[in-house]
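Source file: work-v3.cif; contents: mmCIF, C-alpha atoms.
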data_coords
loop_
_atom_site.label_atom_id
_atom_site.label_comp_id
_atom_site.auth_asym_id
_atom_site.auth_seq_id
_atom_site.Cartn_x
_atom_site.Cartn_y
_atom_site.Cartn_z
CA MET O 1 21.23 -39.57 15.25
CA LYS O 2 24.53 -41.31 15.96
CA THR O 3 27.43 -39.18 17.13
CA ILE O 4 30.92 -39.78 15.72
CA LEU O 5 34.00 -38.18 17.25
CA THR O 6 36.82 -37.64 14.74
CA VAL O 7 40.33 -37.07 16.10
CA ASP O 8 43.00 -35.87 13.65
CA ASP O 9 45.56 -33.05 13.70
CA SER O 10 44.97 -32.32 10.03
CA PRO O 11 42.11 -29.86 9.42
CA SER O 12 41.85 -31.16 5.82
CA ILE O 13 41.18 -34.71 7.00
CA ARG O 14 38.68 -33.52 9.64
CA GLN O 15 36.83 -31.48 7.02
CA MET O 16 36.68 -34.38 4.58
CA LEU O 17 35.41 -36.75 7.26
CA ALA O 18 32.84 -34.22 8.49
CA TYR O 19 31.60 -33.77 4.93
CA VAL O 20 31.16 -37.50 4.31
CA LEU O 21 29.70 -38.30 7.72
CA SER O 22 27.31 -35.39 8.13
CA SER O 23 25.94 -35.77 4.61
CA ASN O 24 25.17 -39.37 5.52
CA GLY O 25 23.19 -38.60 8.63
CA TYR O 26 25.80 -38.69 11.37
CA HIS O 27 26.43 -36.01 13.95
CA VAL O 28 30.15 -35.15 14.00
CA ILE O 29 32.36 -33.77 16.76
CA GLU O 30 35.99 -32.92 15.92
CA ALA O 31 39.19 -32.92 17.96
CA GLY O 32 42.67 -31.85 16.80
CA ASP O 33 44.75 -34.20 18.96
CA GLY O 34 44.43 -37.08 21.42
CA GLU O 35 44.15 -34.85 24.48
CA GLU O 36 41.32 -32.83 23.02
CA GLY O 37 39.73 -36.05 21.83
CA LEU O 38 39.73 -37.46 25.36
CA LEU O 39 38.27 -34.23 26.74
CA LEU O 40 35.48 -34.13 24.15
CA ALA O 41 34.75 -37.82 24.61
CA LYS O 42 34.12 -37.17 28.30
CA GLU O 43 31.88 -34.18 27.56
CA HIS O 44 29.79 -35.83 24.85
CA GLN O 45 29.02 -39.52 24.69
CA ALA O 46 30.08 -40.60 21.21
CA ASP O 47 28.69 -43.71 19.52
CA LEU O 48 31.90 -44.25 17.58
CA ILE O 49 35.38 -42.74 17.46
CA LEU O 50 37.65 -42.41 14.43
CA THR O 51 41.21 -41.52 15.37
CA ASP O 52 44.48 -40.78 13.62
CA GLN O 53 47.71 -42.22 15.04
CA ASN O 54 50.41 -39.53 14.62
CA MET O 55 49.26 -36.46 16.51
CA PRO O 56 50.87 -33.99 18.91
CA LYS O 57 50.29 -34.28 22.69
CA MET O 58 48.63 -37.70 22.63
CA ASP O 59 48.72 -40.20 19.76
CA GLY O 60 45.88 -42.47 18.68
CA ILE O 61 46.99 -45.59 20.52
CA ALA O 62 47.47 -43.64 23.78
CA LEU O 63 43.99 -42.16 23.30
CA ILE O 64 42.46 -45.60 22.84
CA LYS O 65 44.14 -46.85 26.02
CA ALA O 66 42.81 -43.85 27.95
CA LEU O 67 39.30 -44.28 26.53
CA ARG O 68 39.16 -47.99 27.30
CA GLY O 69 39.82 -47.09 30.93
CA LEU O 70 36.57 -45.12 31.05
CA PRO O 71 33.40 -47.14 31.76
CA ALA O 72 31.46 -45.06 29.18
CA TYR O 73 33.88 -46.10 26.42
CA ARG O 74 34.65 -49.68 27.29
CA HIS O 75 32.48 -51.00 24.45
CA VAL O 76 32.25 -48.05 22.06
CA PRO O 77 33.79 -48.88 18.63
CA ILE O 78 37.08 -47.04 18.08
CA MET O 79 38.60 -47.19 14.60
CA MET O 80 42.11 -46.12 13.75
CA LEU O 81 42.36 -44.08 10.53
CA THR O 82 46.02 -43.53 9.74
CA THR O 83 48.71 -43.53 7.04
CA GLU O 84 50.46 -46.19 9.14
CA SER O 85 50.08 -49.80 8.08
CA SER O 86 52.87 -51.71 9.80
CA PRO O 87 51.74 -55.00 11.36
CA ALA O 88 53.63 -54.17 14.58
CA LEU O 89 51.72 -50.91 15.07
CA LYS O 90 48.42 -52.59 14.16
CA GLN O 91 49.14 -55.17 16.83
CA GLN O 92 49.74 -52.37 19.36
CA GLY O 93 46.45 -50.80 18.35
CA ARG O 94 44.65 -54.06 18.75
CA GLU O 95 46.14 -54.60 22.20
CA ALA O 96 45.18 -51.06 23.20
CA GLY O 97 41.58 -51.93 22.35
CA ALA O 98 41.05 -50.63 18.81
CA THR O 99 38.02 -52.10 17.05
CA GLY O 100 39.72 -51.94 13.68
CA TRP O 101 42.22 -50.26 11.43
CA MET O 102 41.71 -48.18 8.29
CA VAL O 103 44.68 -47.13 6.21
CA LYS O 104 44.64 -43.66 4.61
CA PRO O 105 43.77 -42.42 2.08
CA PHE O 106 40.22 -43.31 3.05
CA ASP O 107 37.61 -44.37 0.54
CA PRO O 108 34.28 -42.73 1.51
CA GLU O 109 32.25 -45.78 0.39
CA LYS O 110 34.40 -48.19 2.39
CA LEU O 111 34.21 -45.90 5.41
CA LEU O 112 30.39 -45.79 5.34
CA GLU O 113 30.16 -49.53 4.77
CA MET O 114 32.45 -50.15 7.73
CA LEU O 115 30.39 -47.82 9.96
CA LYS O 116 27.21 -49.74 9.15
CA LYS O 117 28.95 -52.95 10.14
CA ILE O 118 30.28 -51.83 13.50
CA LEU O 119 27.90 -49.18 14.77
CA PRO O 120 25.61 -50.70 17.39
CA MET N 121 49.59 -42.73 -2.72
CA SER N 122 50.36 -46.32 -3.44
CA GLY N 123 53.72 -45.49 -4.96
CA PRO N 124 56.99 -45.63 -3.12
CA GLY N 125 57.75 -43.31 -0.29
CA ASN N 126 60.84 -43.04 1.76
CA SER N 127 62.54 -41.43 4.63
CA GLU N 128 65.76 -41.53 6.52
CA ASN N 129 64.46 -43.85 9.18
CA LYS N 130 62.82 -46.41 6.97
CA ARG N 131 64.85 -49.50 6.50
CA GLY N 132 66.81 -50.72 3.55
CA GLU N 133 64.81 -49.52 0.55
CA ASN N 134 66.71 -48.62 -2.57
CA TYR N 135 64.81 -45.50 -3.43
CA PRO N 136 65.09 -42.69 -3.76
CA VAL N 137 68.28 -42.79 -5.75
CA ARG N 138 71.11 -41.61 -3.49
CA TYR N 139 74.47 -40.30 -4.66
CA PHE N 140 77.26 -37.97 -3.69
CA ASP N 141 76.84 -34.58 -5.32
CA ARG N 142 80.30 -33.36 -6.21
CA HIS N 143 79.20 -29.83 -6.94
CA PHE N 144 77.69 -29.26 -3.50
CA GLY N 145 80.02 -31.71 -1.76
CA ILE N 146 77.18 -33.45 0.12
CA GLU N 147 74.97 -36.48 -0.20
CA ALA N 148 72.03 -36.07 -2.57
CA ALA N 149 68.70 -37.87 -3.03
CA LYS N 150 66.67 -37.73 -6.22
CA ILE N 151 62.93 -37.56 -5.63
CA LEU N 152 60.79 -38.98 -8.45
CA PRO N 153 57.04 -38.47 -9.08
CA GLY N 154 55.04 -40.15 -6.33
CA GLU N 155 57.95 -40.28 -3.88
CA TYR N 156 58.73 -38.33 -0.73
CA PHE N 157 61.74 -38.08 1.51
CA ALA N 158 62.50 -36.56 4.92
CA THR N 159 65.85 -36.16 6.63
CA ASP N 160 67.67 -34.54 9.53
CA LYS N 161 71.00 -34.67 7.68
CA ASN N 162 72.84 -32.00 5.77
CA MET N 163 72.06 -33.15 2.27
CA VAL N 164 70.45 -31.95 -0.92
CA LEU N 165 67.14 -33.21 -2.28
CA VAL N 166 66.87 -32.93 -6.03
CA THR N 167 63.84 -33.14 -8.27
CA VAL N 168 62.65 -32.09 -11.72
CA LEU N 169 59.12 -30.75 -12.08
CA GLY N 170 56.97 -30.19 -15.12
CA SER N 171 53.30 -30.05 -14.21
CA CYS N 172 53.90 -31.81 -10.91
CA VAL N 173 54.30 -29.91 -7.66
CA THR N 174 56.66 -30.20 -4.74
CA ALA N 175 56.29 -28.98 -1.18
CA CYS N 176 59.61 -28.47 0.60
CA LEU N 177 58.67 -28.61 4.28
CA ARG N 178 60.92 -27.84 7.17
CA ASP N 179 60.86 -27.33 10.91
CA PRO N 180 63.89 -25.11 11.57
CA ARG N 181 63.74 -25.74 15.33
CA ALA N 182 63.73 -29.50 15.05
CA GLY N 183 66.24 -29.42 12.20
CA VAL N 184 64.30 -31.72 9.90
CA GLY N 185 63.00 -31.19 6.42
CA GLY N 186 61.69 -33.06 3.43
CA MET N 187 59.99 -32.89 0.09
CA ASN N 188 57.35 -34.70 -1.88
CA HIS N 189 56.64 -34.72 -5.62
CA PHE N 190 53.15 -35.39 -6.91
CA MET N 191 50.29 -34.46 -9.17
CA LEU N 192 46.55 -34.91 -8.76
CA PRO N 193 45.09 -37.91 -10.57
CA ARG N 194 42.36 -36.03 -12.43
CA SER N 195 42.38 -32.31 -12.94
CA GLU N 196 39.05 -32.35 -14.74
CA GLN N 197 37.16 -33.48 -11.62
CA ASP N 198 34.90 -31.03 -9.86
CA PRO N 199 37.32 -28.91 -7.82
CA THR N 200 34.55 -28.03 -5.35
CA ASN N 201 34.03 -31.65 -4.32
CA PRO N 202 35.95 -31.88 -1.03
CA ILE N 203 36.24 -35.66 -1.21
CA SER N 204 37.05 -36.14 -4.89
CA MET N 205 39.68 -38.73 -5.70
CA SER N 206 42.06 -35.88 -6.54
CA ALA N 207 41.52 -34.14 -3.21
CA ARG N 208 42.03 -37.35 -1.28
CA TYR N 209 45.14 -38.32 -3.21
CA GLY N 210 46.72 -34.87 -2.84
CA THR N 211 45.88 -34.74 0.85
CA PHE N 212 47.52 -38.11 1.32
CA ALA N 213 50.65 -37.07 -0.60
CA MET N 214 51.02 -34.12 1.77
CA GLU N 215 50.10 -35.98 4.94
CA ILE N 216 52.63 -38.80 4.60
CA LEU N 217 55.42 -36.23 4.36
CA ILE N 218 54.08 -34.21 7.31
CA ASN N 219 53.70 -37.39 9.38
CA GLN N 220 57.24 -38.47 8.60
CA LEU N 221 58.58 -35.09 9.66
CA GLN N 222 56.52 -35.24 12.86
CA LYS N 223 57.92 -38.67 13.63
CA MET N 224 61.39 -37.17 13.25
CA GLY N 225 60.58 -34.45 15.78
CA ALA N 226 58.99 -31.69 13.72
CA ARG N 227 55.99 -29.80 15.01
CA ARG N 228 53.23 -28.72 12.70
CA GLU N 229 53.11 -25.17 14.12
CA ASN N 230 56.82 -24.63 13.41
CA MET N 231 56.71 -25.91 9.87
CA GLU N 232 57.34 -23.68 6.91
CA ALA N 233 56.80 -24.53 3.28
CA LYS N 234 58.27 -23.60 -0.06
CA VAL N 235 56.23 -24.72 -3.03
CA PHE N 236 57.23 -25.19 -6.66
CA GLY N 237 56.04 -26.53 -9.97
CA GLY N 238 52.67 -26.69 -11.64
CA GLY N 239 54.07 -25.57 -14.97
CA ASN N 240 51.95 -25.78 -18.07
CA VAL N 241 54.04 -28.69 -19.32
CA LEU N 242 51.67 -31.64 -19.46
CA ARG N 243 48.58 -30.84 -21.52
CA GLY N 244 45.23 -32.01 -20.18
CA PHE N 245 42.08 -32.80 -22.06
CA THR N 246 40.34 -29.69 -20.85
CA ALA N 247 41.12 -26.01 -20.92
CA ASN N 248 42.31 -26.17 -17.32
CA SER N 249 45.96 -26.88 -17.12
CA ILE N 250 47.02 -29.90 -15.07
CA GLY N 251 49.82 -27.79 -13.60
CA GLU N 252 47.43 -25.11 -12.44
CA ALA N 253 45.21 -27.63 -10.65
CA ASN N 254 48.27 -29.01 -8.85
CA ALA N 255 49.52 -25.54 -7.90
CA ASN N 256 46.11 -24.52 -6.58
CA PHE N 257 45.82 -27.68 -4.58
CA VAL N 258 49.16 -27.37 -2.81
CA THR N 259 48.69 -23.72 -1.84
CA GLU N 260 45.11 -24.25 -0.66
CA TYR N 261 46.06 -27.34 1.29
CA LEU N 262 48.87 -25.59 3.15
CA HIS N 263 46.67 -22.60 3.85
CA ASN N 264 43.99 -24.90 5.23
CA GLU N 265 46.56 -26.68 7.40
CA ARG N 266 47.89 -23.34 8.62
CA ILE N 267 51.40 -24.14 7.42
CA LYS N 268 53.09 -20.95 6.33
CA ILE N 269 54.28 -20.69 2.72
CA VAL N 270 57.52 -18.70 2.88
CA ALA N 271 58.41 -18.96 -0.81
CA GLU N 272 56.79 -20.12 -4.01
CA ASP N 273 57.56 -20.42 -7.68
CA LEU N 274 54.53 -21.89 -9.42
CA LEU N 275 52.89 -22.04 -12.87
CA GLY N 276 54.57 -20.65 -15.98
CA VAL N 277 55.53 -22.68 -19.02
CA HIS N 278 58.95 -24.08 -18.12
CA PRO N 279 59.94 -27.22 -16.24
CA ARG N 280 62.05 -26.64 -13.13
CA LYS N 281 65.01 -28.38 -11.60
CA LEU N 282 65.04 -27.99 -7.84
CA TYR N 283 67.73 -28.36 -5.21
CA PHE N 284 66.41 -28.27 -1.62
CA PHE N 285 68.77 -28.11 1.35
CA PRO N 286 66.64 -29.18 4.33
CA ALA N 287 69.30 -28.20 6.85
CA THR N 288 69.12 -24.53 5.90
CA GLY N 289 65.85 -24.32 3.99
CA ARG N 290 67.63 -22.96 0.94
CA VAL N 291 66.18 -23.85 -2.46
CA LEU N 292 67.82 -23.36 -5.83
CA VAL N 293 65.49 -23.35 -8.83
CA LYS N 294 66.70 -23.74 -12.36
CA LYS N 295 64.18 -23.14 -15.15
CA ILE N 296 64.72 -25.59 -17.97
CA LYS N 297 64.28 -23.76 -21.23
CA GLU N 298 65.36 -26.33 -23.82
CA LEU N 299 62.55 -26.94 -26.25
CA HIS N 300 62.91 -30.68 -26.42
CA ASN N 301 62.74 -31.87 -22.89
CA HIS N 302 61.16 -35.23 -23.56
CA THR N 303 62.32 -36.96 -20.40
CA ILE N 304 60.27 -34.74 -18.10
CA VAL N 305 57.14 -34.99 -20.22
CA GLU N 306 57.53 -38.75 -20.63
CA ARG N 307 58.11 -39.34 -16.94
CA GLU N 308 55.12 -37.22 -15.94
CA SER N 309 52.86 -38.73 -18.61
CA GLU N 310 53.76 -42.16 -17.35
CA TYR N 311 53.02 -41.09 -13.75
CA ASN N 312 49.75 -39.49 -14.88
CA LEU N 313 48.79 -42.72 -16.62
CA ARG N 314 49.64 -44.74 -13.54
CA LEU N 315 47.38 -42.44 -11.50
CA ARG N 316 44.40 -43.15 -13.72
CA ASN N 317 44.25 -46.65 -12.33
CA VAL N 318 45.29 -45.81 -8.81
CA VAL N 319 42.94 -46.89 -6.04
CA VAL N 320 42.66 -43.99 -3.62
CA GLY N 321 41.57 -46.00 -0.64
CA GLY N 322 43.53 -47.97 1.93
CA ASP N 323 42.73 -51.32 3.54
CA VAL N 324 40.03 -51.68 6.15
CA GLU N 325 40.40 -54.33 8.82
CA ILE N 326 38.03 -55.04 11.65
CA PHE N 327 39.74 -56.88 14.48
CA LYS N 328 38.07 -60.06 15.69
#
For the file at hand, write its structure as structure tokens.
Amino acid sequence: MKTILTVDDSPSIRQMLAYVLSSNGYHVIEAGDGEEGLLLAKEHQADLILTDQNMPKMDGIALIKALRGLPAYRHVPIMMLTTESSPALKQQGREAGATGWMVKPFDPEKLLEMLKKILP
Amino acid sequence: MSGPGNSENKRGENYPVRYFDRHFGIEAAKILPGEYFATDKNMVLVTVLGSCVTACLRDPRAGVGGMNHFMLPRSEQDPTNPISMSARYGTFAMEILINQLQKMGARRENMEAKVFGGGNVLRGFTANSIGEANANFVTEYLHNERIKIVAEDLLGVHPRKLYFFPATGRVLVKKIKELHNHTIVERESEYNLRLRNVVVGGDVEIFK
């Protein structure tokens, strides 16, 4: 079973993601901000990470930069899932090492389709 | 929410409608269905609600506040489905406002909410009132997000005109009791119609 780490400060979003992912056979771990996400990523090897951008303590792009510095996460897919869609921010995400960018609100079908494409 | 949104620090858009309110002697912004607005200025945010709901959110410590104005696309959908189109749309309408406030310095744990609307103004096709579904959604969402609701005026049969002062958190509510308030019903019906075709799903891009 593949493990997906979701990082979002909104409990509603985390619950929705957990519902979609776990009912489709994924094991889900949840973090409420970038710092917690980094901590959990070190404790449990995730197969994929879905992260929000705007969060307290550490935002999504900072989290991606930190994760890409860890050997265990150099090649793990990390998707941004955010309300943000500006090309400038996307570019920053890409440079930080994001695998891709999903704009909220998320469509469950599109999310699952995307996971099948990028999960090793 | 594919409709327009706005905030103080977005550039050059023409909405929401801004004007000087002579009665209050400060700048005012009119928030229409599907819009949101956040500010750190002393101004008044004005909106008229029938079946739609508004969350007036504010972080008193950071001195920023804002409001949205929305309704759920389909009230007849299964309310227990956590990822229904309605749930995802409503969640998004709340999150863009919260995000904007956070970007302006607000912290989630300091936020307080006042919620209004959800009147039985727009009739649905089922026994459940559209307004009631909207009112339930906004209160449950805020509860789930652990954002404290410090005041509420929901449901009932009358449309409401709202004046929110983000600098102080004060809200004035005027119940509109005229029988023939076509503008509100027309505007909300039009919004409701627009929502029937709305795609609740953003773009997905995988970087090469």
Would you mind listing, as a list of chain:residue names, all residues of chain N that have at least one atom within 7 Å of chain O, where only C-alpha atoms are what counts?
N:Pro202, N:Ile203, N:Arg208, N:Tyr209, N:Phe212, N:Ile216, N:Asn219, N:Asn264, N:Glu265, N:Val320, N:Gly321, N:Gly322, N:Asp323, N:Val324, N:Glu325, N:Ile326, N:Phe327
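One distance worth recording is that between CA of Val305 (chain N) and CA of Met191 (chain N), which is 13.0 Å.
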Hits from the PyMOL selection byres ((chain N and resi 163) around 8), listed as JSON, numbers by chain:
{"N": [146, 147, 148, 149, 161, 162, 164, 165, 285, 286, 287]}
Determine the residue set returned by the PyMOL selection byres ((chain N and resi 292) around 9) for the present structure, and present it as an MDAnalysis selection string.
chainID N and resid 281:285 290:291 293:294
What's the separation between CA of Glu306 (chain N) and CA of Arg142 (chain N), in Å to one decimal place?
27.5 Å
Ground truth for the PyMOL selection byres ((chain O and resi 119) around 9), written as a VMD selection string
chain O and resid 2 47 to 48 76 to 77 114 to 118 120
Please produce region 183-194 of chain N, completed to all heavy atoms, as a short mmCIF file (atom, residue, chain, number, x, y, z; two decimals), in the frame of the given file.
data_model
loop_
_atom_site.label_atom_id
_atom_site.label_comp_id
_atom_site.auth_asym_id
_atom_site.auth_seq_id
_atom_site.Cartn_x
_atom_site.Cartn_y
_atom_site.Cartn_z
N GLY N 183 65.16 -29.09 13.12
CA GLY N 183 66.24 -29.42 12.20
C GLY N 183 65.91 -30.58 11.28
O GLY N 183 66.79 -31.37 10.94
N VAL N 184 64.67 -30.69 10.87
CA VAL N 184 64.30 -31.72 9.90
C VAL N 184 63.54 -31.09 8.74
O VAL N 184 62.87 -30.07 8.89
CB VAL N 184 63.45 -32.86 10.52
CG1 VAL N 184 64.22 -33.63 11.57
CG2 VAL N 184 62.15 -32.32 11.11
N GLY N 185 63.70 -31.71 7.59
CA GLY N 185 63.00 -31.19 6.42
C GLY N 185 62.80 -32.30 5.41
O GLY N 185 63.42 -33.36 5.50
N GLY N 186 61.92 -32.04 4.44
CA GLY N 186 61.69 -33.06 3.43
C GLY N 186 60.88 -32.52 2.27
O GLY N 186 60.39 -31.39 2.33
N MET N 187 60.79 -33.32 1.24
CA MET N 187 59.99 -32.89 0.09
C MET N 187 59.19 -34.05 -0.47
O MET N 187 59.53 -35.21 -0.29
CB MET N 187 60.87 -32.27 -1.01
CG MET N 187 61.78 -33.22 -1.74
SD MET N 187 62.17 -32.69 -3.45
CE MET N 187 63.02 -31.16 -3.23
N ASN N 188 58.09 -33.70 -1.12
CA ASN N 188 57.35 -34.70 -1.88
C ASN N 188 57.35 -34.26 -3.34
O ASN N 188 57.96 -33.25 -3.69
CB ASN N 188 55.92 -34.88 -1.33
CG ASN N 188 55.15 -33.57 -1.28
OD1 ASN N 188 55.55 -32.58 -1.88
ND2 ASN N 188 54.04 -33.56 -0.57
N HIS N 189 56.69 -35.02 -4.18
CA HIS N 189 56.64 -34.72 -5.62
C HIS N 189 55.41 -35.45 -6.14
O HIS N 189 55.38 -36.66 -6.15
CB HIS N 189 57.93 -35.24 -6.28
CG HIS N 189 57.97 -35.04 -7.77
ND1 HIS N 189 59.14 -34.91 -8.47
CD2 HIS N 189 56.97 -34.96 -8.69
CE1 HIS N 189 58.86 -34.75 -9.76
NE2 HIS N 189 57.56 -34.78 -9.91
N PHE N 190 54.39 -34.71 -6.50
CA PHE N 190 53.15 -35.39 -6.91
C PHE N 190 52.33 -34.55 -7.87
O PHE N 190 52.62 -33.38 -8.10
CB PHE N 190 52.29 -35.73 -5.68
CG PHE N 190 51.71 -34.53 -4.96
CD1 PHE N 190 50.39 -34.15 -5.15
CD2 PHE N 190 52.48 -33.79 -4.09
CE1 PHE N 190 49.84 -33.05 -4.49
CE2 PHE N 190 51.96 -32.68 -3.42
CZ PHE N 190 50.64 -32.32 -3.62
N MET N 191 51.32 -35.18 -8.43
CA MET N 191 50.29 -34.46 -9.17
C MET N 191 48.96 -35.09 -8.80
O MET N 191 48.90 -36.18 -8.25
CB MET N 191 50.52 -34.49 -10.68
CG MET N 191 50.25 -35.80 -11.35
SD MET N 191 50.12 -35.61 -13.14
CE MET N 191 51.80 -35.76 -13.66
N LEU N 192 47.88 -34.38 -9.06
CA LEU N 192 46.55 -34.91 -8.76
C LEU N 192 46.15 -35.86 -9.88
O LEU N 192 46.45 -35.61 -11.05
CB LEU N 192 45.54 -33.78 -8.63
CG LEU N 192 45.87 -32.72 -7.58
CD1 LEU N 192 44.78 -31.67 -7.55
CD2 LEU N 192 46.05 -33.33 -6.20
N PRO N 193 45.46 -36.93 -9.55
CA PRO N 193 45.09 -37.91 -10.57
C PRO N 193 44.24 -37.34 -11.70
O PRO N 193 44.46 -37.65 -12.84
CB PRO N 193 44.30 -38.96 -9.79
CG PRO N 193 44.70 -38.80 -8.39
CD PRO N 193 45.05 -37.36 -8.21
N ARG N 194 43.24 -36.50 -11.37
CA ARG N 194 42.36 -36.03 -12.43
C ARG N 194 42.04 -34.56 -12.24
O ARG N 194 41.30 -34.20 -11.34
CB ARG N 194 41.05 -36.81 -12.43
CG ARG N 194 41.23 -38.17 -13.02
CD ARG N 194 39.90 -38.88 -13.09
NE ARG N 194 40.17 -40.30 -13.29
CZ ARG N 194 39.45 -41.25 -12.75
NH1 ARG N 194 38.44 -40.97 -11.98
NH2 ARG N 194 39.75 -42.50 -12.98
#
